[in-house]
$ cat start15.pdb   # PDB, C-alpha atoms
ATOM      1  CA  MET A  65       6.285 -64.136 -41.954
ATOM      2  CA  THR A  66       5.272 -61.883 -44.847
ATOM      3  CA  ILE A  67       5.028 -58.153 -44.156
ATOM      4  CA  LYS A  68       2.765 -56.068 -46.355
ATOM      5  CA  VAL A  69       2.765 -52.286 -46.511
ATOM      6  CA  LEU A  70       0.371 -49.822 -48.109
ATOM      7  CA  ASN A  71       1.777 -48.306 -51.293
ATOM      8  CA  THR A  72       0.146 -44.865 -51.384
ATOM      9  CA  LEU A  73       0.865 -44.518 -55.110
ATOM     10  CA  THR A  74      -1.180 -47.591 -56.013
ATOM     11  CA  GLY A  75      -3.504 -47.728 -53.014
ATOM     12  CA  LYS A  76      -2.663 -51.425 -52.584
ATOM     13  CA  TYR A  77      -1.007 -53.482 -49.844
ATOM     14  CA  GLU A  78       2.173 -54.941 -51.263
ATOM     15  CA  LYS A  79       4.770 -57.378 -49.971
ATOM     16  CA  LEU A  80       7.807 -55.753 -48.393
ATOM     17  CA  GLU A  81      10.662 -56.919 -50.595
ATOM     18  CA  LEU A  82      14.059 -57.008 -48.849
ATOM     19  CA  THR A  83      17.477 -58.021 -50.146
ATOM     20  CA  SER A  84      19.081 -58.030 -46.695
ATOM     21  CA  ASN A  85      18.151 -57.846 -43.018
ATOM     22  CA  THR A  86      18.388 -54.043 -43.128
ATOM     23  CA  ILE A  87      15.358 -51.832 -43.696
ATOM     24  CA  ARG A  88      16.252 -48.356 -44.934
ATOM     25  CA  TRP A  89      13.540 -45.970 -43.802
ATOM     26  CA  TYR A  90      13.405 -42.279 -44.742
ATOM     27  CA  ILE A  91      10.917 -40.151 -42.806
ATOM     28  CA  CYS A  92       9.962 -36.507 -43.093
ATOM     29  CA  GLY A  93      10.815 -34.702 -39.865
ATOM     30  CA  PRO A  94       9.544 -31.345 -38.586
ATOM     31  CA  THR A  95       9.866 -27.874 -40.039
ATOM     32  CA  VAL A  96      11.556 -26.171 -37.109
ATOM     33  CA  TYR A  97       9.815 -22.813 -36.831
ATOM     34  CA  ASP A  98       7.806 -23.304 -33.617
ATOM     35  CA  ALA A  99       7.252 -25.546 -30.618
ATOM     36  CA  THR A 100       6.388 -29.227 -30.941
ATOM     37  CA  HIS A 101       2.649 -29.920 -30.842
ATOM     38  CA  LEU A 102       0.272 -32.853 -30.451
ATOM     39  CA  GLY A 103       0.360 -33.647 -34.162
ATOM     40  CA  HIS A 104       4.113 -34.227 -33.957
ATOM     41  CA  ALA A 105       3.623 -36.520 -30.984
ATOM     42  CA  ARG A 106       0.968 -38.578 -32.742
ATOM     43  CA  THR A 107       3.093 -38.940 -35.878
ATOM     44  CA  TYR A 108       6.433 -39.873 -34.358
ATOM     45  CA  VAL A 109       5.073 -42.065 -31.573
ATOM     46  CA  THR A 110       3.209 -44.062 -34.230
ATOM     47  CA  PHE A 111       6.290 -44.496 -36.401
ATOM     48  CA  ASP A 112       8.392 -45.338 -33.358
ATOM     49  CA  MET A 113       5.968 -48.165 -32.548
ATOM     50  CA  ILE A 114       6.284 -49.542 -36.083
ATOM     51  CA  ARG A 115      10.062 -49.239 -35.908
ATOM     52  CA  SER A 116      10.094 -51.060 -32.575
ATOM     53  CA  ILE A 117       8.006 -53.930 -33.983
ATOM     54  CA  LEU A 118      10.316 -54.268 -36.982
ATOM     55  CA  GLU A 119      13.420 -54.275 -34.787
ATOM     56  CA  ASN A 120      12.313 -56.172 -31.684
ATOM     57  CA  TYR A 121       9.712 -58.595 -33.050
ATOM     58  CA  PHE A 122      10.878 -59.269 -36.601
ATOM     59  CA  GLY A 123      14.568 -58.744 -35.833
ATOM     60  CA  TYR A 124      15.350 -56.317 -38.645
ATOM     61  CA  ASP A 125      18.078 -53.693 -38.536
ATOM     62  CA  VAL A 126      16.326 -50.398 -39.245
ATOM     63  CA  MET A 127      18.334 -47.543 -40.720
ATOM     64  CA  TYR A 128      15.978 -44.722 -39.753
ATOM     65  CA  VAL A 129      16.841 -41.444 -41.496
ATOM     66  CA  MET A 130      14.932 -38.275 -40.597
ATOM     67  CA  ASN A 131      15.136 -34.931 -42.348
ATOM     68  CA  ILE A 132      14.850 -31.569 -40.631
ATOM     69  CA  THR A 133      13.414 -28.786 -42.787
ATOM     70  CA  ASN A 134      15.491 -25.880 -41.509
ATOM     71  CA  ILE A 135      14.776 -23.335 -44.233
ATOM     72  CA  ASP A 136      11.205 -22.303 -44.945
ATOM     73  CA  ASP A 137       8.972 -19.219 -45.186
ATOM     74  CA  LYS A 138       7.751 -19.705 -41.634
ATOM     75  CA  ILE A 139      11.286 -19.955 -40.248
ATOM     76  CA  ILE A 140      12.301 -16.792 -42.087
ATOM     77  CA  ALA A 141       9.203 -14.999 -40.779
ATOM     78  CA  LYS A 142      10.004 -16.121 -37.231
ATOM     79  CA  ALA A 143      13.594 -14.910 -37.584
ATOM     80  CA  ASN A 144      12.481 -11.536 -38.967
ATOM     81  CA  SER A 145       9.995 -11.107 -36.140
ATOM     82  CA  ASN A 146      12.867 -11.216 -33.669
ATOM     83  CA  LYS A 147      13.922  -7.813 -35.022
ATOM     84  CA  LYS A 148      17.620  -8.481 -34.603
ATOM     85  CA  THR A 149      20.237  -6.693 -36.654
ATOM     86  CA  GLU A 150      21.730  -9.808 -38.262
ATOM     87  CA  LEU A 151      19.197 -12.073 -39.958
ATOM     88  CA  SER A 152      21.723 -14.936 -40.181
ATOM     89  CA  VAL A 153      22.195 -14.941 -36.391
ATOM     90  CA  SER A 154      18.499 -14.920 -35.522
ATOM     91  CA  PHE A 155      17.768 -17.457 -38.274
ATOM     92  CA  GLN A 156      20.308 -19.897 -36.818
ATOM     93  CA  GLU A 157      18.926 -19.314 -33.332
ATOM     94  CA  VAL A 158      15.405 -20.153 -34.475
ATOM     95  CA  ILE A 159      16.299 -23.448 -36.135
ATOM     96  CA  ALA A 160      18.659 -24.525 -33.328
ATOM     97  CA  LYS A 161      16.098 -23.738 -30.617
ATOM     98  CA  TYR A 162      13.177 -25.607 -32.159
ATOM     99  CA  GLU A 163      15.175 -28.570 -33.421
ATOM    100  CA  ASN A 164      16.618 -29.102 -29.931
ATOM    101  CA  GLU A 165      13.179 -28.725 -28.358
ATOM    102  CA  PHE A 166      11.703 -31.229 -30.799
ATOM    103  CA  PHE A 167      14.196 -33.955 -29.902
ATOM    104  CA  GLU A 168      13.904 -33.188 -26.187
ATOM    105  CA  ASP A 169      10.124 -33.564 -26.429
ATOM    106  CA  MET A 170      10.486 -36.832 -28.344
ATOM    107  CA  ASP A 171      12.890 -38.060 -25.627
ATOM    108  CA  GLN A 172      10.182 -37.377 -23.047
ATOM    109  CA  LEU A 173       7.825 -39.583 -25.063
ATOM    110  CA  ASN A 174      10.483 -42.343 -25.257
ATOM    111  CA  VAL A 175      10.674 -41.999 -29.035
ATOM    112  CA  LYS A 176      13.948 -43.480 -30.223
ATOM    113  CA  ARG A 177      16.186 -40.993 -32.002
ATOM    114  CA  PRO A 178      16.928 -41.404 -35.737
ATOM    115  CA  SER A 179      19.911 -43.402 -36.889
ATOM    116  CA  VAL A 180      20.834 -40.402 -39.050
ATOM    117  CA  THR A 181      19.503 -36.823 -39.075
ATOM    118  CA  VAL A 182      19.838 -34.747 -42.253
ATOM    119  CA  ARG A 183      19.064 -31.054 -42.707
ATOM    120  CA  VAL A 184      18.060 -29.185 -45.848
ATOM    121  CA  THR A 185      20.822 -26.592 -45.594
ATOM    122  CA  GLU A 186      23.437 -29.363 -45.536
ATOM    123  CA  TYR A 187      22.300 -30.725 -48.920
ATOM    124  CA  VAL A 188      21.503 -27.623 -50.977
ATOM    125  CA  GLN A 189      23.764 -28.529 -53.896
ATOM    126  CA  ILE A 190      22.352 -32.063 -54.074
ATOM    127  CA  ILE A 191      18.808 -30.705 -53.863
ATOM    128  CA  LYS A 192      19.474 -28.311 -56.747
ATOM    129  CA  ARG A 193      20.741 -31.147 -58.926
ATOM    130  CA  PHE A 194      17.736 -33.292 -58.006
ATOM    131  CA  ILE A 195      15.311 -30.499 -58.942
ATOM    132  CA  GLU A 196      17.138 -30.031 -62.230
ATOM    133  CA  ARG A 197      16.627 -33.748 -62.929
ATOM    134  CA  LEU A 198      12.912 -33.411 -62.164
ATOM    135  CA  GLU A 199      12.660 -30.425 -64.501
ATOM    136  CA  TYR A 200      14.536 -32.262 -67.251
ATOM    137  CA  SER A 201      12.180 -35.237 -66.838
ATOM    138  CA  GLY A 202       9.111 -33.016 -67.116
ATOM    139  CA  TYR A 203       7.999 -33.225 -63.484
ATOM    140  CA  ALA A 204       9.015 -29.717 -62.443
ATOM    141  CA  TYR A 205       8.777 -26.286 -64.015
ATOM    142  CA  GLU A 206       9.887 -22.714 -63.328
ATOM    143  CA  SER A 207       7.265 -20.038 -62.832
ATOM    144  CA  ASN A 208       7.970 -16.414 -61.889
ATOM    145  CA  GLY A 209      11.329 -17.325 -60.361
ATOM    146  CA  SER A 210      10.087 -20.297 -58.330
ATOM    147  CA  VAL A 211      10.188 -23.996 -59.221
ATOM    148  CA  TYR A 212       7.120 -26.210 -58.746
ATOM    149  CA  PHE A 213       6.478 -29.948 -58.864
ATOM    150  CA  ASP A 214       4.055 -30.802 -61.667
ATOM    151  CA  SER A 215       1.542 -33.008 -59.875
ATOM    152  CA  GLN A 216      -0.661 -33.570 -62.916
ATOM    153  CA  GLU A 217       2.239 -34.700 -65.115
ATOM    154  CA  PHE A 218       3.342 -37.130 -62.410
ATOM    155  CA  ARG A 219      -0.205 -38.416 -61.986
ATOM    156  CA  ASN A 220      -0.606 -38.908 -65.719
ATOM    157  CA  ASP A 221       2.576 -40.973 -65.989
ATOM    158  CA  PHE A 222       2.223 -43.037 -62.820
ATOM    159  CA  ASN A 223      -1.534 -42.961 -62.118
ATOM    160  CA  ALA A 224      -0.612 -41.572 -58.704
ATOM    161  CA  ARG A 225      -3.666 -41.638 -56.459
ATOM    162  CA  ILE A 226      -1.900 -39.330 -54.032
ATOM    163  CA  PHE A 227      -2.828 -36.358 -56.245
ATOM    164  CA  GLU A 228      -6.477 -37.201 -56.806
ATOM    165  CA  LYS A 229      -7.638 -34.180 -54.812
ATOM    166  CA  SER A 230      -5.893 -31.870 -57.260
ATOM    167  CA  ASP A 231      -9.087 -31.844 -59.324
ATOM    168  CA  VAL A 232     -11.121 -29.935 -56.743
ATOM    169  CA  ASP A 233     -12.753 -26.713 -57.820
ATOM    170  CA  LYS A 234     -10.341 -23.810 -57.381
ATOM    171  CA  ASN A 235     -13.080 -21.804 -55.653
ATOM    172  CA  ASN A 236     -13.160 -24.370 -52.838
ATOM    173  CA  LEU A 237      -9.412 -24.424 -52.177
ATOM    174  CA  GLU A 238      -9.457 -21.789 -49.437
ATOM    175  CA  LYS A 239     -12.246 -23.556 -47.562
ATOM    176  CA  GLN A 240     -10.518 -26.906 -48.006
ATOM    177  CA  ALA A 241      -7.226 -25.532 -46.704
ATOM    178  CA  GLU A 242      -8.892 -24.133 -43.567
ATOM    179  CA  ASP A 243     -10.701 -27.374 -42.744
ATOM    180  CA  PRO A 244      -8.496 -29.436 -40.351
ATOM    181  CA  VAL A 245     -10.081 -32.656 -41.607
ATOM    182  CA  GLU A 246     -10.580 -32.047 -45.328
ATOM    183  CA  GLY A 247      -7.625 -29.741 -45.936
ATOM    184  CA  TRP A 248      -4.912 -32.055 -47.212
ATOM    185  CA  ARG A 249      -2.144 -29.453 -47.531
ATOM    186  CA  ASP A 250      -0.819 -26.408 -45.739
ATOM    187  CA  PRO A 251      -2.741 -23.256 -46.795
ATOM    188  CA  SER A 252       0.438 -21.739 -48.249
ATOM    189  CA  VAL A 253       0.594 -24.708 -50.642
ATOM    190  CA  VAL A 254      -3.096 -25.263 -51.368
ATOM    191  CA  LYS A 255      -3.958 -21.641 -52.085
ATOM    192  CA  TYR A 256      -4.090 -21.118 -55.825
ATOM    193  CA  ASP A 257      -1.940 -18.110 -56.686
ATOM    194  CA  GLY A 258      -1.890 -18.321 -60.466
ATOM    195  CA  GLU A 259       1.823 -19.160 -60.651
ATOM    196  CA  LYS A 260       1.148 -22.891 -60.735
ATOM    197  CA  LYS A 261      -0.248 -25.035 -63.523
ATOM    198  CA  ASN A 262      -2.402 -26.939 -61.038
ATOM    199  CA  PRO A 263      -3.592 -26.019 -57.527
ATOM    200  CA  ALA A 264      -1.971 -29.180 -56.109
ATOM    201  CA  ASP A 265       1.490 -28.302 -57.454
ATOM    202  CA  PHE A 266       3.889 -27.462 -54.654
ATOM    203  CA  ALA A 267       7.090 -25.463 -54.426
ATOM    204  CA  LEU A 268      10.383 -27.284 -54.679
ATOM    205  CA  TRP A 269      12.318 -24.036 -54.465
ATOM    206  CA  LYS A 270      10.864 -20.590 -53.896
ATOM    207  CA  ARG A 271      12.302 -17.346 -55.148
ATOM    208  CA  ALA A 272      13.973 -15.329 -52.409
ATOM    209  CA  LYS A 273      12.601 -11.976 -51.374
ATOM    210  CA  GLU A 274      14.769  -9.048 -50.363
ATOM    211  CA  ASN A 275      16.948  -9.719 -47.282
ATOM    212  CA  GLU A 276      16.016 -13.417 -47.175
ATOM    213  CA  ILE A 277      18.579 -16.175 -46.937
ATOM    214  CA  SER A 278      19.186 -17.468 -50.457
ATOM    215  CA  TYR A 279      21.287 -19.728 -52.660
ATOM    216  CA  GLU A 280      22.366 -19.104 -56.236
ATOM    217  CA  SER A 281      20.884 -21.329 -58.917
ATOM    218  CA  ARG A 282      20.180 -21.230 -62.607
ATOM    219  CA  TRP A 283      16.655 -20.065 -61.763
ATOM    220  CA  GLY A 284      17.992 -17.053 -59.842
ATOM    221  CA  PRO A 285      18.427 -16.440 -56.081
ATOM    222  CA  LEU A 286      16.206 -18.946 -54.303
ATOM    223  CA  HIS A 287      15.750 -20.379 -50.866
ATOM    224  CA  GLY A 288      15.094 -24.088 -50.487
ATOM    225  CA  ARG A 289      11.620 -25.293 -49.687
ATOM    226  CA  GLY A 290      10.100 -28.688 -49.098
ATOM    227  CA  ILE A 291      12.152 -31.145 -51.080
ATOM    228  CA  GLN A 292      14.724 -33.379 -49.411
ATOM    229  CA  PRO A 293      17.619 -35.469 -50.786
ATOM    230  CA  LEU A 294      16.623 -39.054 -51.598
TER
END
$ encode --input "start15.pdb" --output "C-alpha cells"
Amino acid sequence: MTIKVLNTLTGKYEKLELTSNTIRWYICGPTVYDATHLGHARTYVTFDMIRSILENYFGYDVMYVMNITNIDDKIIAKANSNKKTELSVSFQEVIAKYENEFFEDMDQLNVKRPSVTVRVTEYVQIIKRFIERLEYSGYAYESNGSVYFDSQEFRNDFNARIFEKSDVDKNNLEKQAEDPVEGWRDPSVVKYDGEKKNPADFALWKRAKENEISYESRWGPLHGRGIQPL
C-alpha cells in the first residue's frame, strides 16, 4: 500500500519513499520552561496515533527521535525569577522539573516515549557548526550579536510556501502574534525589532545578556535558541 505525506515545502502530497523497513522520524519536542498544557497533549497524542498506525498496521520500525529545547529566553527568565544565588543550579532545576513533568503527563495519556531523546545543551558544538554552514550557504546572517535564519533567501531558492506569511505588513505583526488563530509564530519571534532582514526571520542563536548561561562562538558569547541537530 502506498503512503503519501504532505510536504509542507511544496504543499503537495508525495509518496513516502523508503529504502528499508525503518522510518526515521525527527519531531520537535517541548521547550521546558513551564507545565504541560492542552496544546502539548493535542500535538503528541496525534503524532503517537500516526506512529502507532505505522508500526502496528503497516509493520514499520519507527525510529522516533524527539528534541528537548532546554535553553531558551523563557527558561532563563524562569530560572532568574527563582531568585536563587546560583543561576546554574536554578536553571538545571527548571529544565529537569518540566522535562520530567512533560514525560509523566504523556505517560498518563498513553503516549509512547521516544526511541531517542536529544537535548540542545548536549549538541551545542554540532549546532554551532550547523549554523556556520547555514551562514556560509547564505541562509543565516549575524545581526547585533545574534544569528538569524534568512527566511526570504530560503524561500527564493526553494519556493518554500512555509514562509508565505512573511510578506504581511509589519504594522500588523503585533496583532497577528496576539491572535491565537492567525498568529503563526511566538510573539518573541514575530515581533519586528529591526535586527532582522525580514519579520519572519527567526533566531538560530541569540546573544547572551549579562549573567545568562552562554557558549563561546565566533559571533561572541551566545546562548542557543531554537535550532536542533539534524
$ resolve_selection --input "start15.pdb" --expression "the PyMOL selection byres ((chain A and resi 172-187) around 8)" --output "PDB file with C-alpha atoms, keeping the file's coordinate frame"
ATOM      1  CA  ALA A 105       3.623 -36.520 -30.984  1.00  0.00           C
ATOM      2  CA  TYR A 108       6.433 -39.873 -34.358  1.00  0.00           C
ATOM      3  CA  VAL A 109       5.073 -42.065 -31.573  1.00  0.00           C
ATOM      4  CA  ASP A 112       8.392 -45.338 -33.358  1.00  0.00           C
ATOM      5  CA  MET A 127      18.334 -47.543 -40.720  1.00  0.00           C
ATOM      6  CA  TYR A 128      15.978 -44.722 -39.753  1.00  0.00           C
ATOM      7  CA  VAL A 129      16.841 -41.444 -41.496  1.00  0.00           C
ATOM      8  CA  MET A 130      14.932 -38.275 -40.597  1.00  0.00           C
ATOM      9  CA  ASN A 131      15.136 -34.931 -42.348  1.00  0.00           C
ATOM     10  CA  ILE A 132      14.850 -31.569 -40.631  1.00  0.00           C
ATOM     11  CA  THR A 133      13.414 -28.786 -42.787  1.00  0.00           C
ATOM     12  CA  ASN A 134      15.491 -25.880 -41.509  1.00  0.00           C
ATOM     13  CA  ILE A 135      14.776 -23.335 -44.233  1.00  0.00           C
ATOM     14  CA  PHE A 167      14.196 -33.955 -29.902  1.00  0.00           C
ATOM     15  CA  GLU A 168      13.904 -33.188 -26.187  1.00  0.00           C
ATOM     16  CA  ASP A 169      10.124 -33.564 -26.429  1.00  0.00           C
ATOM     17  CA  MET A 170      10.486 -36.832 -28.344  1.00  0.00           C
ATOM     18  CA  ASP A 171      12.890 -38.060 -25.627  1.00  0.00           C
ATOM     19  CA  VAL A 188      21.503 -27.623 -50.977  1.00  0.00           C
ATOM     20  CA  GLN A 189      23.764 -28.529 -53.896  1.00  0.00           C
ATOM     21  CA  ILE A 190      22.352 -32.063 -54.074  1.00  0.00           C
ATOM     22  CA  ILE A 191      18.808 -30.705 -53.863  1.00  0.00           C
ATOM     23  CA  GLY A 288      15.094 -24.088 -50.487  1.00  0.00           C
ATOM     24  CA  GLN A 292      14.724 -33.379 -49.411  1.00  0.00           C
ATOM     25  CA  PRO A 293      17.619 -35.469 -50.786  1.00  0.00           C
TER      26      PRO A 293
END
$ atom_distance --input "start15.pdb" --atom1 "CA of Leu80 (chain A)" --atom2 "CA of Thr110 (chain A)"
18.9 Å
$ closest_residue --input "start15.pdb" --among "A:Tyr205, A:Phe155, A:Phe213, A:Phe111" --to "Asp136 (chain A)" --atoms "only C-alpha atoms"
A:Phe155
$ closest_residue --input "start15.pdb" --among "A:Leu73, A:Glu165, A:Asn262, A:Lys138" --to "His101 (chain A)" --atoms "all atoms listed in the file"
A:Glu165
$ resolve_selection --input "start15.pdb" --expression "the PyMOL selection byres ((chain A and resi 95-98) around 6)" --output "PyMOL selection string"
chain A and resi 94+99+133-134+139+159+162-163
$ resolve_selection --input "start15.pdb" --expression "the PyMOL selection byres ((chain A and resi 210) around 9)" --output "short mmCIF file (atom, residue, chain, number, x, y, z; two decimals) with C-alpha atoms, in the coordinates of the input"
data_model
loop_
_atom_site.label_atom_id
_atom_site.label_comp_id
_atom_site.auth_asym_id
_atom_site.auth_seq_id
_atom_site.Cartn_x
_atom_site.Cartn_y
_atom_site.Cartn_z
CA TYR A 205 8.78 -26.29 -64.02
CA GLU A 206 9.89 -22.71 -63.33
CA SER A 207 7.26 -20.04 -62.83
CA ASN A 208 7.97 -16.41 -61.89
CA GLY A 209 11.33 -17.32 -60.36
CA VAL A 211 10.19 -24.00 -59.22
CA TYR A 212 7.12 -26.21 -58.75
CA GLU A 259 1.82 -19.16 -60.65
CA ALA A 267 7.09 -25.46 -54.43
CA LEU A 268 10.38 -27.28 -54.68
CA TRP A 269 12.32 -24.04 -54.46
CA LYS A 270 10.86 -20.59 -53.90
CA ARG A 271 12.30 -17.35 -55.15
CA ALA A 272 13.97 -15.33 -52.41
CA TRP A 283 16.66 -20.07 -61.76
CA GLY A 284 17.99 -17.05 -59.84
CA LEU A 286 16.21 -18.95 -54.30
#
$ atom_distance --input "start15.pdb" --atom1 "CA of Ser154 (chain A)" --atom2 "CA of Ile195 (chain A)"
28.3 Å
$ atom_distance --input "start15.pdb" --atom1 "CA of Asn144 (chain A)" --atom2 "CA of Phe166 (chain A)"
21.3 Å
$ residues_around --input "start15.pdb" --residues "Lys79 (chain A)" --least-positions-apart "3" --cutoff "9 Å" --atoms "all atoms listed in the file" --output "PyMOL selection string"
chain A and resi 66-70
$ closest_residue --input "start15.pdb" --among "A:Glu81, A:Ile140, A:Met113, A:Arg282" --to "Arg193 (chain A)" --atoms "all atoms listed in the file"
A:Arg282
$ residues_around --input "start15.pdb" --residues "Asn85 (chain A)" --least-positions-apart "4" --cutoff "10 Å" --atoms "only C-alpha atoms" --output "list in words"
Phe122, Gly123, Tyr124, Asp125 and Val126 of chain A
$ write_last_selection --input "start15.pdb" --atoms "C-alpha atoms" --output "PDB file, in the coordinates of the input"
ATOM      1  CA  PHE A 122      10.878 -59.269 -36.601  1.00  0.00           C
ATOM      2  CA  GLY A 123      14.568 -58.744 -35.833  1.00  0.00           C
ATOM      3  CA  TYR A 124      15.350 -56.317 -38.645  1.00  0.00           C
ATOM      4  CA  ASP A 125      18.078 -53.693 -38.536  1.00  0.00           C
ATOM      5  CA  VAL A 126      16.326 -50.398 -39.245  1.00  0.00           C
TER       6      VAL A 126
END
